[in-house]
Amino acid sequence: MELFNQSSSRFILLGLSTVPYLEVIGFITFLVMYLITLSANLLLIIVVSINPKLQTPMYFFLVNLSFVDIFFSTTVIPKLLYNTLAKDRSISLLECAVQMQFHLAFGSTECFILAIMAYDRFAAICKPLHYNTIMSWKMCINLAAVSWSSSFMNSVFQVIYTFQMSFCHTNHVNHFFCEVPLFLQISCSDTWLHELSLFIAAGIIASLSFLLILISYIHIVSTILKISSSHGRYKALSTCASHIIVVTFYYGTIMILYLRLRSRFSPDIDKTISMLYSTVTPMLNPIIYSVRNKDVKDTIRKTLGKEVLQSNTFLPKSY
């Protein structure tokens, strides 16, 4: 097949829809989702930073997760909004590579952070007497650093490998952002080796992280069942509920997208799955953790209460 000049080419992202009124609905929906994502995650970061009671390993990784979610959605939504508003769906090769690089890196980092948070709950519930030793601040910082650095190294490798391939004369990508699996479909090169490397990388990052979560929760459930008090069992389980909800939603979509055979790719299904894990999940994560966390809710109430009280002091007194 005829090849197009990759060095000077621009890819055309077909987006979610070409119907005008659906584009308007989509623009408003994604704008609202992005604003909620930014405000909810920033609020959670501020709440943790101002409350000394929340200066613990669990909240340290929760802040990491909030930063990941902010960056993760930022790699996708602003460009999608611009393309919809400007009616220009093109993206340069460099822009596409950068978007793919950071999106894959932040997505991988989220996998690691969620796995570490499960391990943190395991240490807190199953090894409470040794918790401070197991989850020391040095260990927490090292785990976070390894998660971020290894994710970025993997994404650099995958992106370089992807753009070394040759692409067919069509530069139309049936998606709303640049993602590795979609570019395997429009490649004229033999992608078998790249698919294998992607499958292995996804297997190591997503599957092993999920396995660590699963093992942690097997031990957690086993420990909880040994607690004689029903109140104690409920309290221990409630500390894990938010994390279980987030993990189920995020890992389910990631594994469906990246651990499939090429023959099973479906553009519409892929776009739906990508939308769920890259735009919906970052919005829901801080809400799920805030709604189910008493300390976070109390801090928000106290902070808002102080601001309301301070603002009332500047109001003129009525006589």
# chains A, B, ... in the order shown; residues from 1 in each chain; ligands from 1
call {"tool": "select_by_dssp", "arguments": {"residues": "segment 94-196 of chain A", "states": "helix (DSSP H, G or I)", "output": "ChimeraX atom specification"}}
result
/A:94-126,128-134,137-162,180-185,192-196
call {"tool": "residues_around", "arguments": {"residues": "Ile91 of chain A", "least_positions_apart": "3", "cutoff": "10 Å", "atoms": "only C-alpha atoms", "output": "list of chain:residue names"}}
result
A:Ser9, A:Arg10, A:Phe11, A:Ile12, A:Leu13, A:Lys79, A:Asn83, A:Asp88, A:Leu94, A:Glu95, A:Cys96, A:Ala97, A:Gln99, A:Phe177, A:Cys178
call {"tool": "atom_distance", "arguments": {"atom1": "atom CA of Leu276 of chain A", "atom2": "atom CA of Leu182 of chain A"}}
result
16.4 Å
call {"tool": "closest_residue", "arguments": {"among": "A:Ile273, A:Ile116, A:Leu62, A:Leu93", "to": "Met139 of chain A", "atoms": "only C-alpha atoms"}}
result
A:Ile116
call {"tool": "residues_around", "arguments": {"residues": "Ser49 of chain A", "least_positions_apart": "3", "cutoff": "12 Å", "atoms": "only C-alpha atoms", "output": "list in words"}}
result
Leu42, Leu43, Leu44, Ile45, Ile46, Pro52, Lys53, Leu54, Gln55, Thr56, Tyr59, Phe60, Leu62, Val63, Val296, Thr299 and Ile300 of chain A
call {"tool": "write_last_selection", "arguments": {"atoms": "all heavy atoms", "output": "CSV table (one decimal), in the first residue's frame"}}
result
chain,number,residue,atom,x,y,z
A,42,LEU,N,-7.9,18.8,43.0
A,42,LEU,CA,-7.2,19.8,43.7
A,42,LEU,C,-7.7,20.0,45.1
A,42,LEU,O,-6.9,20.3,46.0
A,42,LEU,CB,-7.3,21.1,42.9
A,42,LEU,CG,-6.5,21.2,41.6
A,42,LEU,CD1,-6.9,22.5,40.8
A,42,LEU,CD2,-5.0,21.2,41.9
A,43,LEU,N,-9.0,19.9,45.3
A,43,LEU,CA,-9.6,20.0,46.6
A,43,LEU,C,-9.1,18.9,47.5
A,43,LEU,O,-8.7,19.2,48.7
A,43,LEU,CB,-11.1,20.0,46.6
A,43,LEU,CG,-11.9,20.1,47.9
A,43,LEU,CD1,-11.6,21.4,48.6
A,43,LEU,CD2,-13.4,19.9,47.7
A,44,LEU,N,-9.0,17.7,47.0
A,44,LEU,CA,-8.5,16.6,47.8
A,44,LEU,C,-7.0,16.8,48.2
A,44,LEU,O,-6.6,16.6,49.3
A,44,LEU,CB,-8.6,15.3,47.0
A,44,LEU,CG,-8.4,14.0,47.8
A,44,LEU,CD1,-9.3,13.9,49.0
A,44,LEU,CD2,-8.6,12.8,46.9
A,45,ILE,N,-6.2,17.3,47.3
A,45,ILE,CA,-4.8,17.6,47.5
A,45,ILE,C,-4.7,18.7,48.6
A,45,ILE,O,-3.9,18.6,49.5
A,45,ILE,CB,-4.1,18.1,46.2
A,45,ILE,CG1,-4.0,16.9,45.2
A,45,ILE,CG2,-2.7,18.6,46.5
A,45,ILE,CD1,-3.6,17.3,43.9
A,46,ILE,N,-5.5,19.7,48.5
A,46,ILE,CA,-5.4,20.8,49.5
A,46,ILE,C,-5.9,20.3,50.9
A,46,ILE,O,-5.3,20.6,51.9
A,46,ILE,CB,-6.3,22.0,49.0
A,46,ILE,CG1,-5.7,22.6,47.8
A,46,ILE,CG2,-6.5,23.0,50.1
A,46,ILE,CD1,-6.7,23.6,47.1
A,52,PRO,N,-3.1,18.0,59.4
A,52,PRO,CA,-2.0,17.2,59.9
A,52,PRO,C,-2.4,15.7,60.2
A,52,PRO,O,-1.6,14.8,60.1
A,52,PRO,CB,-1.6,17.9,61.3
A,52,PRO,CG,-2.1,19.3,61.1
A,52,PRO,CD,-3.4,19.2,60.3
A,53,LYS,N,-3.7,15.5,60.5
A,53,LYS,CA,-4.2,14.2,60.8
A,53,LYS,C,-4.1,13.3,59.5
A,53,LYS,O,-4.1,12.1,59.6
A,53,LYS,CB,-5.6,14.3,61.3
A,53,LYS,CG,-6.2,13.0,61.8
A,53,LYS,CD,-7.6,13.1,62.3
A,53,LYS,CE,-8.2,11.8,62.8
A,53,LYS,NZ,-9.6,12.0,63.2
A,54,LEU,N,-4.1,13.9,58.4
A,54,LEU,CA,-4.1,13.2,57.1
A,54,LEU,C,-2.6,13.0,56.5
A,54,LEU,O,-2.5,12.6,55.4
A,54,LEU,CB,-4.9,13.9,56.1
A,54,LEU,CG,-6.4,14.1,56.5
A,54,LEU,CD1,-7.1,14.8,55.3
A,54,LEU,CD2,-7.1,12.8,56.8
A,55,GLN,N,-1.6,13.4,57.3
A,55,GLN,CA,-0.2,13.2,56.9
A,55,GLN,C,0.2,11.8,57.1
A,55,GLN,O,1.1,11.5,58.0
A,55,GLN,CB,0.7,14.2,57.6
A,55,GLN,CG,0.2,15.7,57.5
A,55,GLN,CD,0.1,16.1,56.0
A,55,GLN,OE1,1.0,15.9,55.2
A,55,GLN,NE2,-1.0,16.8,55.7
A,56,THR,N,-0.4,10.8,56.4
A,56,THR,CA,-0.1,9.4,56.6
A,56,THR,C,0.2,8.8,55.2
A,56,THR,O,-0.1,9.4,54.2
A,56,THR,CB,-1.3,8.7,57.2
A,56,THR,OG1,-2.4,8.7,56.3
A,56,THR,CG2,-1.7,9.3,58.5
A,59,TYR,N,-2.7,8.6,52.7
A,59,TYR,CA,-3.1,9.9,52.0
A,59,TYR,C,-2.0,10.4,51.1
A,59,TYR,O,-2.2,11.2,50.2
A,59,TYR,CB,-3.5,10.9,53.1
A,59,TYR,CG,-4.8,10.6,53.7
A,59,TYR,CD1,-4.8,10.0,55.0
A,59,TYR,CD2,-6.0,10.8,53.1
A,59,TYR,CE1,-6.0,9.7,55.6
A,59,TYR,CE2,-7.2,10.4,53.7
A,59,TYR,CZ,-7.2,9.9,54.9
A,59,TYR,OH,-8.4,9.5,55.5
A,60,PHE,N,-0.7,10.1,51.4
A,60,PHE,CA,0.4,10.4,50.6
A,60,PHE,C,0.2,9.8,49.2
A,60,PHE,O,0.3,10.5,48.2
A,60,PHE,CB,1.7,9.9,51.2
A,60,PHE,CG,2.9,10.0,50.2
A,60,PHE,CD1,3.5,11.2,50.0
A,60,PHE,CD2,3.4,8.8,49.6
A,60,PHE,CE1,4.6,11.3,49.1
A,60,PHE,CE2,4.5,8.9,48.8
A,60,PHE,CZ,5.1,10.1,48.5
A,62,LEU,N,-2.7,8.8,48.1
A,62,LEU,CA,-4.0,9.3,47.5
A,62,LEU,C,-3.7,10.7,46.8
A,62,LEU,O,-4.3,11.0,45.8
A,62,LEU,CB,-5.0,9.5,48.7
A,62,LEU,CG,-6.4,9.9,48.3
A,62,LEU,CD1,-7.0,9.0,47.3
A,62,LEU,CD2,-7.3,10.0,49.5
A,63,VAL,N,-2.8,11.5,47.4
A,63,VAL,CA,-2.4,12.7,46.7
A,63,VAL,C,-1.7,12.4,45.4
A,63,VAL,O,-1.9,13.1,44.4
A,63,VAL,CB,-1.5,13.5,47.7
A,63,VAL,CG1,-0.8,14.7,46.9
A,63,VAL,CG2,-2.3,14.1,48.8
A,296,VAL,N,-11.7,13.3,55.5
A,296,VAL,CA,-11.7,14.2,54.4
A,296,VAL,C,-13.0,15.1,54.4
A,296,VAL,O,-12.9,16.4,54.3
A,296,VAL,CB,-11.7,13.5,53.0
A,296,VAL,CG1,-11.8,14.5,51.9
A,296,VAL,CG2,-10.3,12.8,52.9
A,299,THR,N,-12.7,17.7,57.2
A,299,THR,CA,-11.8,18.8,56.9
A,299,THR,C,-12.4,19.8,55.9
A,299,THR,O,-12.2,21.0,56.1
A,299,THR,CB,-10.5,18.2,56.3
A,299,THR,OG1,-9.9,17.2,57.2
A,299,THR,CG2,-9.5,19.3,56.0
A,300,ILE,N,-13.1,19.3,54.9
A,300,ILE,CA,-13.8,20.1,54.0
A,300,ILE,C,-14.8,21.0,54.7
A,300,ILE,O,-14.9,22.2,54.4
A,300,ILE,CB,-14.4,19.3,52.9
A,300,ILE,CG1,-13.4,18.6,52.0
A,300,ILE,CG2,-15.3,20.2,52.0
A,300,ILE,CD1,-13.9,17.7,51.0
call {"tool": "select_by_dssp", "arguments": {"residues": "segment 10-60 of chain A", "states": "strand (DSSP E)", "output": "list of chain:residue names"}}
result
A:Arg10, A:Phe11, A:Ile12, A:Leu13
call {"tool": "closest_residue", "arguments": {"among": "A:Met165, A:Asp295, A:Ser290, A:Ser207", "to": "Asn41 of chain A", "atoms": "only C-alpha atoms"}}
result
A:Ser290
call {"tool": "closest_residue", "arguments": {"among": "A:Thr29, A:Ser216, A:Thr272, A:Ser149", "to": "Lys127 of chain A", "atoms": "only C-alpha atoms"}}
result
A:Ser216
call {"tool": "closest_residue", "arguments": {"among": "A:Tyr82, A:Phe61, A:Met135, A:Val221", "to": "Arg233 of chain A", "atoms": "only C-alpha atoms"}}
result
A:Val221
call {"tool": "residues_around", "arguments": {"residues": "Leu80 of chain A", "least_positions_apart": "6", "cutoff": "9 Å", "atoms": "only C-alpha atoms", "output": "PyMOL selection string"}}
result
chain A and resi 15+27+30+89+176-177
call {"tool": "write_last_selection", "arguments": {"atoms": "C-alpha atoms", "output": "PDB file, in the first residue's frame"}}
result
ATOM      1  CA  GLY A  15     -13.419  12.081  17.348  1.00  0.00           C
ATOM      2  CA  PHE A  27     -18.202  19.466  24.213  1.00  0.00           C
ATOM      3  CA  PHE A  30     -16.368  16.844  28.564  1.00  0.00           C
ATOM      4  CA  ARG A  89      -9.341  17.448  14.053  1.00  0.00           C
ATOM      5  CA  PHE A 176     -10.453  11.085  19.905  1.00  0.00           C
ATOM      6  CA  PHE A 177      -6.800  10.937  21.005  1.00  0.00           C
TER       7      PHE A 177
END
call {"tool": "residues_around", "arguments": {"residues": "Pro57 of chain A", "least_positions_apart": "4", "cutoff": "12 Å", "atoms": "only C-alpha atoms", "output": "PyMOL selection string"}}
result
chain A and resi 48+53+61-64+113+116-121+123-124+131-141+143-144
